[in-house]
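Data first, discussion second: the structure below is written as structure tokens.
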Amino acid sequence: MLTGFSQETFFPTKEGTVLVYKSLDKKSKETGTVKYTITKVNASGNDLDITYLVESIDPKESLLYKEEITIQQRGDKLYMDMSNLINKAAFQQNGEIPAEVEITGNNMEIPVNAQPGTLLPDASVSMALKMGFVNMKMAADLTNRKVEAIEDITVPAGTFKCHKFSSDVSATVMGMTAKSKSMEWYAKGIGLVKSESYDKSGKVQSTMHLVELKK
């Protein structure tokens with residue numbers, strides 16, 4: 001049954017699968033590594049829960065933080081928690097997120113049978129954090145989400161047939177807002193293969209790509 005899921009959904013469905021990503025800045029300098037390990041897969045009918053251990057590592061190979069996240073498939077739609085877009089490493093205290101944190105928003109939706117031209121629902125997340133006498137607020141909104149194309153993408157881990165998704169991103173931190181354009185490439189049975197962020201002039205500001213895949 002899980003084999004069937006792996007053929008039709010945008011993520012691996014085998015426990016123990018490891019995906020390693022490298023992040024690069026606009027000058028192609030490495031800024032960090034993120035490692036995803038599938039720890040648990042639950043399937044029931046057309047519903048699927050895929051749990052990952054996520055480990056964020058800096059360029060000096062030091063662990064910044066780790067947490068578990070779950071991707072859900074309900075029928076023909078995938079749902080991802082938007083709080084995963086927040087760089088939690090910046091708010092860690094002794095390796096943990098402080099208890100006084102409130103995260104709200106909705107899940108990002110991806111249709112399993114996405115086709116070029118399909119418009120997707122907006123997604124958003126906001127985070128309010130209290131650290132001592134400091135109150136911090138962050139928010140991110142993804143709008144104008146669309147399936148752009150199906151194309152082959154080559155990254156260090158190999159060449160994959162991907163669905164290309166675009167969105168406009170508005171991020172607010174401590175009252176300051178930055179707008180950008182995002183492109184993401186997802187492959188069936190793999191998940192995210194590559195992502196790029198562009199400034200208002202269309203120049204690449206950051207890239208993340210898959211460098212290692214162990215099934």
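Chain labels A, B, ... are given in the sequence in which chains occur in the structure tokens; within each chain residues are numbered consecutively from 1, and ligands are likewise numbered from 1 in the order shown.
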Using DSSP secondary structure from the backbone, list all helix (DSSP H, G or I) positions within region 11-206 of chain A, as a CSV table (one decimal) with N, CA and C atoms, in the first residue's frame.
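As written to disk, states20.csv reads:
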chain,number,residue,atom,x,y,z
A,82,MET,N,2.9,25.5,7.8
A,82,MET,CA,3.6,26.7,7.5
A,82,MET,C,4.6,27.2,8.5
A,83,SER,N,4.5,26.7,9.7
A,83,SER,CA,5.5,27.1,10.7
A,83,SER,C,6.9,26.6,10.4
A,84,ASN,N,7.0,25.6,9.5
A,84,ASN,CA,8.3,25.1,9.1
A,84,ASN,C,9.1,26.1,8.3
A,85,LEU,N,8.4,27.2,7.9
A,85,LEU,CA,9.2,28.2,7.1
A,85,LEU,C,9.9,29.2,8.1
A,88,LYS,N,13.7,28.7,13.2
A,88,LYS,CA,13.6,28.6,14.6
A,88,LYS,C,14.9,28.6,15.4
A,89,ALA,N,16.0,28.4,14.6
A,89,ALA,CA,17.3,28.4,15.2
A,89,ALA,C,17.6,29.8,15.9
A,90,ALA,N,17.0,30.8,15.3
A,90,ALA,CA,17.3,32.2,15.8
A,90,ALA,C,16.7,32.4,17.1
A,91,PHE,N,15.7,31.5,17.6
A,91,PHE,CA,15.0,31.8,18.8
A,91,PHE,C,15.3,30.7,19.8
Residues within 7 Å of region 164-171 of chain A, only C-alpha atoms, excluding chain neighbours under 3 positions, as a PyMOL selection string: chain A and resi 139-150+177-186
Please provide the set of residues having any atom within 9 Å of region 51-55 of chain A, restricted to only C-alpha atoms, with same-chain residues fewer than 2 positions apart removed, written as an MDAnalysis selection string. chainID A and resid 15 33:42 49 57 63:72
May I have all residues of region 96-208 of chain A that DSSP, computed from the backbone, assigns to strand (DSSP E), given as a PyMOL selection string? chain A and resi 101-105+108-111+123-131+134-155+158-173+176-187+191-198+204-208
